[in-house]
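Engineer: What follows is my_file.txt, made up of compact mmCIF, N, CA and C atoms:
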```txt
# COMPACT_ATOMS: atom_id res chain seq x y z
N MET A 126 119.04 91.35 97.38
CA MET A 126 118.26 92.16 98.26
C MET A 126 117.84 93.46 97.58
N ALA A 127 118.72 94.00 96.79
CA ALA A 127 118.39 95.25 96.09
C ALA A 127 117.21 95.03 95.16
N THR A 128 117.16 93.88 94.49
CA THR A 128 116.05 93.57 93.60
C THR A 128 114.75 93.46 94.38
N VAL A 129 114.80 92.80 95.51
CA VAL A 129 113.61 92.65 96.35
C VAL A 129 113.10 94.02 96.80
N LEU A 130 114.01 94.90 97.16
CA LEU A 130 113.61 96.23 97.64
C LEU A 130 113.00 97.10 96.54
N ARG A 131 113.17 96.71 95.29
CA ARG A 131 112.54 97.46 94.19
C ARG A 131 111.10 97.02 93.95
N ASP A 132 110.63 96.04 94.69
CA ASP A 132 109.25 95.58 94.55
C ASP A 132 108.30 96.75 94.82
N PRO A 133 107.25 96.87 94.02
CA PRO A 133 106.33 97.99 94.21
C PRO A 133 105.54 97.95 95.53
N VAL A 134 105.43 96.79 96.13
CA VAL A 134 104.74 96.68 97.42
C VAL A 134 105.82 96.82 98.50
N LEU A 135 105.99 98.04 98.96
CA LEU A 135 107.06 98.38 99.89
C LEU A 135 107.05 97.54 101.16
N SER A 136 105.88 97.35 101.74
CA SER A 136 105.82 96.60 103.00
C SER A 136 106.26 95.15 102.82
N MET A 137 105.88 94.55 101.71
CA MET A 137 106.30 93.17 101.45
C MET A 137 107.80 93.09 101.20
N ALA A 138 108.31 94.04 100.45
CA ALA A 138 109.74 94.06 100.15
C ALA A 138 110.56 94.20 101.43
N GLU A 139 110.17 95.14 102.27
CA GLU A 139 110.92 95.35 103.52
C GLU A 139 110.78 94.16 104.47
N ALA A 140 109.62 93.54 104.50
CA ALA A 140 109.44 92.36 105.35
C ALA A 140 110.34 91.22 104.89
N ALA A 141 110.44 91.02 103.59
CA ALA A 141 111.29 89.96 103.07
C ALA A 141 112.77 90.24 103.37
N VAL A 142 113.18 91.47 103.18
CA VAL A 142 114.58 91.82 103.46
C VAL A 142 114.85 91.72 104.96
N ASN A 143 113.90 92.14 105.78
CA ASN A 143 114.09 92.03 107.22
C ASN A 143 114.23 90.57 107.64
N ARG A 144 113.45 89.70 107.06
CA ARG A 144 113.55 88.27 107.39
C ARG A 144 114.94 87.75 107.04
N HIS A 145 115.42 88.12 105.86
CA HIS A 145 116.77 87.72 105.47
C HIS A 145 117.81 88.30 106.43
N LEU A 146 117.65 89.58 106.75
CA LEU A 146 118.58 90.26 107.64
C LEU A 146 118.64 89.54 108.99
N GLU A 147 117.49 89.20 109.55
CA GLU A 147 117.46 88.54 110.84
C GLU A 147 118.09 87.14 110.79
N CYS A 148 117.81 86.41 109.74
CA CYS A 148 118.39 85.06 109.62
C CYS A 148 119.91 85.12 109.51
N ARG A 149 120.40 85.99 108.62
CA ARG A 149 121.85 86.10 108.42
C ARG A 149 122.54 86.68 109.64
N ALA A 150 121.95 87.71 110.23
CA ALA A 150 122.57 88.34 111.40
C ALA A 150 122.70 87.34 112.54
N SER A 151 121.66 86.56 112.77
CA SER A 151 121.74 85.58 113.86
C SER A 151 122.78 84.50 113.58
N GLU A 152 122.94 84.13 112.31
CA GLU A 152 123.95 83.14 111.93
C GLU A 152 125.37 83.68 112.08
N LEU A 153 125.56 84.95 111.72
CA LEU A 153 126.90 85.54 111.69
C LEU A 153 127.26 86.32 112.95
N LEU A 154 126.39 86.38 113.92
CA LEU A 154 126.54 87.31 115.04
C LEU A 154 127.92 87.29 115.68
N THR A 155 128.49 86.14 115.91
CA THR A 155 129.81 86.08 116.54
C THR A 155 130.93 85.81 115.54
N ASP A 156 130.60 85.74 114.29
CA ASP A 156 131.56 85.47 113.23
C ASP A 156 132.24 86.77 112.78
N PRO A 157 133.55 86.72 112.52
CA PRO A 157 134.22 87.93 112.03
C PRO A 157 133.64 88.44 110.70
N ALA A 158 132.98 87.58 109.95
CA ALA A 158 132.37 87.99 108.68
C ALA A 158 131.17 88.91 108.87
N PHE A 159 130.67 89.02 110.09
CA PHE A 159 129.51 89.87 110.35
C PHE A 159 129.76 91.31 109.90
N THR A 160 130.91 91.85 110.20
CA THR A 160 131.20 93.25 109.91
C THR A 160 131.11 93.55 108.42
N ALA A 161 131.74 92.74 107.60
CA ALA A 161 131.67 92.95 106.15
C ALA A 161 130.25 92.77 105.64
N TRP A 162 129.56 91.76 106.15
CA TRP A 162 128.17 91.54 105.75
C TRP A 162 127.30 92.73 106.13
N ALA A 163 127.47 93.26 107.34
CA ALA A 163 126.67 94.40 107.79
C ALA A 163 126.93 95.62 106.92
N HIS A 164 128.18 95.84 106.55
CA HIS A 164 128.49 96.98 105.67
C HIS A 164 127.81 96.81 104.31
N SER A 165 127.84 95.62 103.76
CA SER A 165 127.20 95.41 102.46
C SER A 165 125.68 95.54 102.57
N MET A 166 125.11 95.06 103.66
CA MET A 166 123.66 95.22 103.87
C MET A 166 123.29 96.69 104.01
N ALA A 167 124.11 97.44 104.73
CA ALA A 167 123.84 98.88 104.91
C ALA A 167 123.79 99.58 103.56
N THR A 168 124.65 99.18 102.66
CA THR A 168 124.67 99.78 101.32
C THR A 168 123.39 99.42 100.57
N VAL A 169 122.95 98.21 100.68
CA VAL A 169 121.76 97.74 99.97
C VAL A 169 120.49 98.38 100.52
N ILE A 170 120.36 98.45 101.84
CA ILE A 170 119.11 98.94 102.41
C ILE A 170 119.02 100.46 102.40
N GLY A 171 120.15 101.11 102.23
CA GLY A 171 120.14 102.57 102.07
C GLY A 171 119.52 103.30 103.24
N ASP A 172 118.53 104.13 102.93
CA ASP A 172 117.96 105.00 103.96
C ASP A 172 116.58 104.53 104.43
N ARG A 173 116.32 103.25 104.38
CA ARG A 173 115.03 102.72 104.85
C ARG A 173 115.08 102.64 106.37
N PRO A 174 114.31 103.49 107.05
CA PRO A 174 114.44 103.65 108.51
C PRO A 174 114.33 102.36 109.32
N PHE A 175 113.32 101.54 109.05
CA PHE A 175 113.16 100.33 109.84
C PHE A 175 114.34 99.39 109.65
N LEU A 176 114.73 99.16 108.41
CA LEU A 176 115.82 98.22 108.14
C LEU A 176 117.15 98.73 108.67
N THR A 177 117.42 100.02 108.54
CA THR A 177 118.69 100.55 109.06
C THR A 177 118.73 100.45 110.59
N ARG A 178 117.59 100.71 111.22
CA ARG A 178 117.55 100.58 112.69
C ARG A 178 117.77 99.14 113.11
N ARG A 179 117.12 98.21 112.43
CA ARG A 179 117.27 96.80 112.81
C ARG A 179 118.71 96.34 112.61
N LEU A 180 119.35 96.74 111.53
CA LEU A 180 120.75 96.38 111.30
C LEU A 180 121.64 97.00 112.37
N ARG A 181 121.39 98.25 112.72
CA ARG A 181 122.15 98.92 113.77
C ARG A 181 121.98 98.18 115.11
N GLU A 182 120.76 97.71 115.39
CA GLU A 182 120.53 97.00 116.65
C GLU A 182 121.17 95.62 116.67
N TRP A 183 121.22 94.94 115.54
CA TRP A 183 121.96 93.68 115.48
C TRP A 183 123.44 93.93 115.75
N THR A 184 123.95 95.04 115.21
CA THR A 184 125.35 95.39 115.41
C THR A 184 125.60 95.72 116.89
N LEU A 185 124.67 96.38 117.54
CA LEU A 185 124.78 96.67 118.96
C LEU A 185 124.74 95.38 119.78
N LEU A 186 123.85 94.48 119.43
CA LEU A 186 123.77 93.20 120.12
C LEU A 186 125.11 92.46 120.03
N ARG A 187 125.70 92.49 118.86
CA ARG A 187 127.02 91.87 118.65
C ARG A 187 128.08 92.55 119.52
N ALA A 188 128.06 93.87 119.54
CA ALA A 188 129.05 94.61 120.33
C ALA A 188 128.97 94.23 121.81
N ILE A 189 127.76 94.17 122.33
CA ILE A 189 127.59 93.82 123.74
C ILE A 189 128.05 92.38 123.98
N GLY A 190 127.64 91.49 123.09
CA GLY A 190 127.98 90.08 123.25
C GLY A 190 129.46 89.78 123.15
N LEU A 191 130.17 90.58 122.34
CA LEU A 191 131.60 90.35 122.15
C LEU A 191 132.46 91.30 122.99
N ASP A 192 131.83 92.00 123.92
CA ASP A 192 132.52 92.93 124.80
C ASP A 192 133.26 94.02 124.02
N GLU A 193 132.60 94.53 123.00
CA GLU A 193 133.11 95.66 122.24
C GLU A 193 132.43 96.92 122.77
N PRO A 194 132.91 98.11 122.38
CA PRO A 194 132.33 99.36 122.91
C PRO A 194 130.85 99.54 122.56
N TRP A 195 130.09 100.03 123.54
CA TRP A 195 128.69 100.39 123.38
C TRP A 195 128.37 101.39 124.48
N THR A 196 127.24 102.07 124.36
CA THR A 196 126.88 103.06 125.38
C THR A 196 125.53 102.72 126.00
N ALA A 197 125.33 103.22 127.21
CA ALA A 197 124.05 103.01 127.89
C ALA A 197 122.92 103.63 127.09
N GLU A 198 123.16 104.77 126.49
CA GLU A 198 122.13 105.44 125.70
C GLU A 198 121.68 104.58 124.52
N GLN A 199 122.61 103.89 123.89
CA GLN A 199 122.23 103.01 122.78
C GLN A 199 121.25 101.94 123.25
N VAL A 200 121.48 101.41 124.42
CA VAL A 200 120.63 100.34 124.95
C VAL A 200 119.28 100.89 125.40
N THR A 201 119.29 101.99 126.11
CA THR A 201 118.02 102.51 126.65
C THR A 201 117.13 103.14 125.59
N THR A 202 117.72 103.58 124.49
CA THR A 202 116.90 104.17 123.41
C THR A 202 116.59 103.18 122.30
N ALA A 203 117.08 101.96 122.43
CA ALA A 203 116.84 100.94 121.42
C ALA A 203 115.38 100.50 121.44
N SER A 204 114.98 99.82 120.40
CA SER A 204 113.59 99.39 120.24
C SER A 204 113.21 98.33 121.28
N ASP A 205 111.92 98.12 121.42
CA ASP A 205 111.42 97.05 122.28
C ASP A 205 111.99 95.71 121.84
N TRP A 206 112.04 95.49 120.53
CA TRP A 206 112.60 94.24 120.01
C TRP A 206 114.01 94.04 120.52
N PHE A 207 114.83 95.06 120.41
CA PHE A 207 116.21 94.93 120.86
C PHE A 207 116.27 94.62 122.35
N GLN A 208 115.54 95.37 123.14
CA GLN A 208 115.59 95.17 124.59
C GLN A 208 115.13 93.77 124.98
N ARG A 209 114.07 93.28 124.34
CA ARG A 209 113.61 91.90 124.63
C ARG A 209 114.67 90.90 124.23
N THR A 210 115.26 91.08 123.06
CA THR A 210 116.28 90.15 122.56
C THR A 210 117.51 90.18 123.45
N ALA A 211 117.99 91.37 123.79
CA ALA A 211 119.19 91.49 124.61
C ALA A 211 119.00 90.91 126.01
N SER A 212 117.79 91.03 126.54
CA SER A 212 117.56 90.53 127.89
C SER A 212 117.39 89.01 127.92
N ALA A 213 117.17 88.41 126.78
CA ALA A 213 116.89 86.97 126.75
C ALA A 213 117.94 86.13 126.03
N THR A 214 118.76 86.72 125.19
CA THR A 214 119.67 85.93 124.38
C THR A 214 120.94 85.55 125.14
N GLN A 215 121.45 84.38 124.87
CA GLN A 215 122.63 83.87 125.55
C GLN A 215 123.90 84.65 125.22
N ILE A 216 123.95 85.32 124.08
CA ILE A 216 125.17 86.04 123.74
C ILE A 216 125.43 87.21 124.69
N VAL A 217 124.37 87.77 125.24
CA VAL A 217 124.54 88.90 126.16
C VAL A 217 124.76 88.36 127.56
N THR A 218 126.00 88.47 128.01
CA THR A 218 126.36 88.05 129.36
C THR A 218 126.88 89.22 130.18
N SER A 219 126.96 90.38 129.59
CA SER A 219 127.47 91.57 130.25
C SER A 219 126.58 91.96 131.43
N ALA A 220 127.16 91.92 132.63
CA ALA A 220 126.41 92.33 133.82
C ALA A 220 126.01 93.80 133.70
N GLU A 221 126.85 94.60 133.09
CA GLU A 221 126.53 96.02 132.92
C GLU A 221 125.30 96.21 132.04
N ALA A 222 125.25 95.51 130.92
CA ALA A 222 124.10 95.62 130.01
C ALA A 222 122.84 95.06 130.66
N LEU A 223 122.96 93.91 131.29
CA LEU A 223 121.79 93.30 131.93
C LEU A 223 121.29 94.15 133.10
N SER A 224 122.19 94.75 133.86
CA SER A 224 121.78 95.64 134.95
C SER A 224 121.04 96.85 134.41
N LEU A 225 121.55 97.39 133.34
CA LEU A 225 120.91 98.55 132.71
C LEU A 225 119.49 98.19 132.26
N LEU A 226 119.34 97.03 131.64
CA LEU A 226 118.02 96.59 131.21
C LEU A 226 117.12 96.26 132.40
N ALA A 227 117.68 95.70 133.45
CA ALA A 227 116.88 95.39 134.65
C ALA A 227 116.37 96.66 135.32
N GLU A 228 117.15 97.71 135.24
CA GLU A 228 116.76 98.96 135.89
C GLU A 228 115.95 99.89 134.98
N GLN A 229 116.34 99.94 133.71
CA GLN A 229 115.77 100.94 132.82
C GLN A 229 115.10 100.37 131.58
N GLY A 230 114.91 99.07 131.55
CA GLY A 230 114.23 98.47 130.40
C GLY A 230 112.85 99.07 130.24
N ARG A 231 112.42 99.18 129.01
CA ARG A 231 111.16 99.85 128.71
C ARG A 231 109.93 99.12 129.24
N SER A 232 109.99 97.80 129.30
CA SER A 232 108.81 97.04 129.73
C SER A 232 109.13 96.19 130.95
N ARG A 233 108.10 95.79 131.63
CA ARG A 233 108.26 94.91 132.79
C ARG A 233 108.88 93.58 132.34
N ARG A 234 108.47 93.11 131.18
CA ARG A 234 109.00 91.85 130.65
C ARG A 234 110.52 91.92 130.51
N VAL A 235 111.02 93.02 129.96
CA VAL A 235 112.47 93.19 129.77
C VAL A 235 113.16 93.29 131.13
N ARG A 236 112.63 94.11 132.02
CA ARG A 236 113.24 94.28 133.34
C ARG A 236 113.30 92.96 134.10
N ASN A 237 112.21 92.19 134.05
CA ASN A 237 112.18 90.89 134.74
C ASN A 237 113.15 89.89 134.13
N ALA A 238 113.18 89.83 132.81
CA ALA A 238 114.09 88.88 132.15
C ALA A 238 115.55 89.21 132.45
N ALA A 239 115.89 90.49 132.40
CA ALA A 239 117.26 90.89 132.69
C ALA A 239 117.61 90.62 134.15
N SER A 240 116.68 90.89 135.06
CA SER A 240 116.91 90.61 136.48
C SER A 240 117.15 89.13 136.72
N CYS A 241 116.35 88.30 136.09
CA CYS A 241 116.51 86.84 136.22
C CYS A 241 117.86 86.39 135.68
N ARG A 242 118.26 86.96 134.57
CA ARG A 242 119.56 86.59 133.98
C ARG A 242 120.70 86.98 134.91
N LEU A 243 120.55 88.12 135.60
CA LEU A 243 121.59 88.56 136.54
C LEU A 243 121.64 87.64 137.76
N GLN A 244 120.48 87.23 138.24
CA GLN A 244 120.41 86.39 139.44
C GLN A 244 120.81 84.95 139.17
N HIS A 245 120.52 84.49 137.96
CA HIS A 245 120.79 83.09 137.60
C HIS A 245 121.50 83.05 136.24
N PRO A 246 122.75 83.47 136.18
CA PRO A 246 123.45 83.57 134.89
C PRO A 246 123.63 82.25 134.15
N ASP A 247 123.56 81.13 134.86
CA ASP A 247 123.77 79.84 134.21
C ASP A 247 122.51 79.23 133.62
N GLN A 248 121.34 79.80 133.93
CA GLN A 248 120.08 79.26 133.43
C GLN A 248 119.81 79.78 132.02
N GLN A 249 119.22 78.91 131.21
CA GLN A 249 118.79 79.29 129.87
C GLN A 249 117.57 80.19 129.99
N PRO A 250 117.52 81.30 129.22
CA PRO A 250 116.31 82.13 129.22
C PRO A 250 115.14 81.34 128.63
N THR A 251 113.94 81.66 129.09
CA THR A 251 112.76 80.99 128.56
C THR A 251 112.06 81.84 127.55
```
Hey, can you dump this file as structure tokens for me?
Structural biologist:
Amino acid sequence: MATVLRDPVLSMAEAAVNRHLECRASELLTDPAFTAWAHSMATVIGDRPFLTRRLREWTLLRAIGLDEPWTAEQVTTASDWFQRTASATQIVTSAEALSLLAEQGRSRRVRNAASCRLQHPDQQPT
């Protein structure tokens, strides 16, 4: 990843690393290996704002899904991507998180998806 990030075309480099980050994060999300992987990724991506935010949001998604500590502010200030993902993904079953998104989600899409998940917790999100 460090080699890819040295590519002179910054947007392409970050897009490639983001794709890798998303694939690995989704694979490891509930795995104990996620924490070590996230730490190593954080070292590689350094201070690149988009990539550090996306890694932080994957870590937040994991925390909510595994019932680890998180704050309402983290959820309400998270990106649109995070809010859409959290309101639709099966790993998030926390009524507290879904209620927060249903009430304070940034978009109607997020609020509706979270509301539906609260009303019908056994249904697969669409």
Engineer: Select, from A:Gly190, A:Leu153, A:Gly230, A:Leu180, the residue with the minimum atom-to-atom distance to A:Thr168, counting only C-alpha atoms.
Structural biologist: A:Leu180
Engineer: Axis-aligned box over every listed atom of stretch 145-156 of chain A, padded by 3 Å per side: centre and edges in Å to one decimal, as lines of an AutoDock Vina configuration file?
Structural biologist:
```
center_x = 123.8
center_y = 86.7
center_z = 111.0
size_x = 22.8
size_y = 13.1
size_z = 17.1
```
Engineer: Pull the neighbourhood of (117.0, 93.4, 113.4) for me: all residues within 7 Å in file coordinates, counting only N, CA and C atoms, as a PyMOL selection string.
Structural biologist: chain A and resi 143+146-147+178-183
Engineer: For a quick check of understanding, using only C-alpha atoms, which of A:Thr201, A:Ser165, A:Ser151, A:Thr196 has the smallest distance to A:Arg231?
Structural biologist: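 That would be A:Thr201, the residue with the smallest distance to A:Arg231.
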Engineer: Which residues come within 8 Å of A:Ala127, counting all atoms listed in the file, excluding same-chain residues fewer than 5 positions away, as a PyMOL selection string?
Structural biologist: chain A and resi 132+168-170
Engineer: Expressed in Å to a single decimal, how great is the separation between atom CA of A:Ile189 and atom CA of A:Ala211?
Structural biologist: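 Value for the atom CA of A:Ile189-atom CA of A:Ala211 distance: 8.8 Å.
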Engineer: Given the choices A:Leu243, A:Leu191, A:Val200, A:His164, which gets closest to A:Ile216 if the distance is worked out from all atoms listed in the file?
Structural biologist: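 The shortest atom-to-atom distance to A:Ile216 comes from A:Leu191.
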Engineer: What gap, in Å, lies between atom N of A:Phe207 and atom C of A:Ala227?
Structural biologist: 15.1 Å
Engineer: Hey, can you check how far atom CA of A:Asp192 sits from atom N of A:Ser224?
Structural biologist: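 Interatomic distance here is 13.9 Å.
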Engineer: Given the choices A:Phe175, A:Ala167, A:Pro133, A:Ala188, which gets closest to A:Leu154 if the distance is worked out from only N, CA and C atoms?
Structural biologist: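 Closest to A:Leu154, using only N, CA and C atoms: A:Ala188.
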Engineer: Please determine, counting only C-alpha atoms, which residue among A:Ala158, A:Asp247, A:Glu221, A:Arg234 has the shortest atom-to-atom distance to A:Ala197.
Structural biologist: A:Glu221
Engineer: According to DSSP computed on the backbone, where in chain A is there alpha helix (DSSP H)? Give the residues as an MDAnalysis selection string.
Structural biologist: chainID A and resid 127:130 135:153 158:170 174:190 197:201 205:213 220:229 233:244
Engineer: For A:Ala150, which residue out of A:Thr184, A:Arg233, A:Glu193, A:Arg242 is the nearest one, using all atoms listed in the file?
Structural biologist: A:Thr184
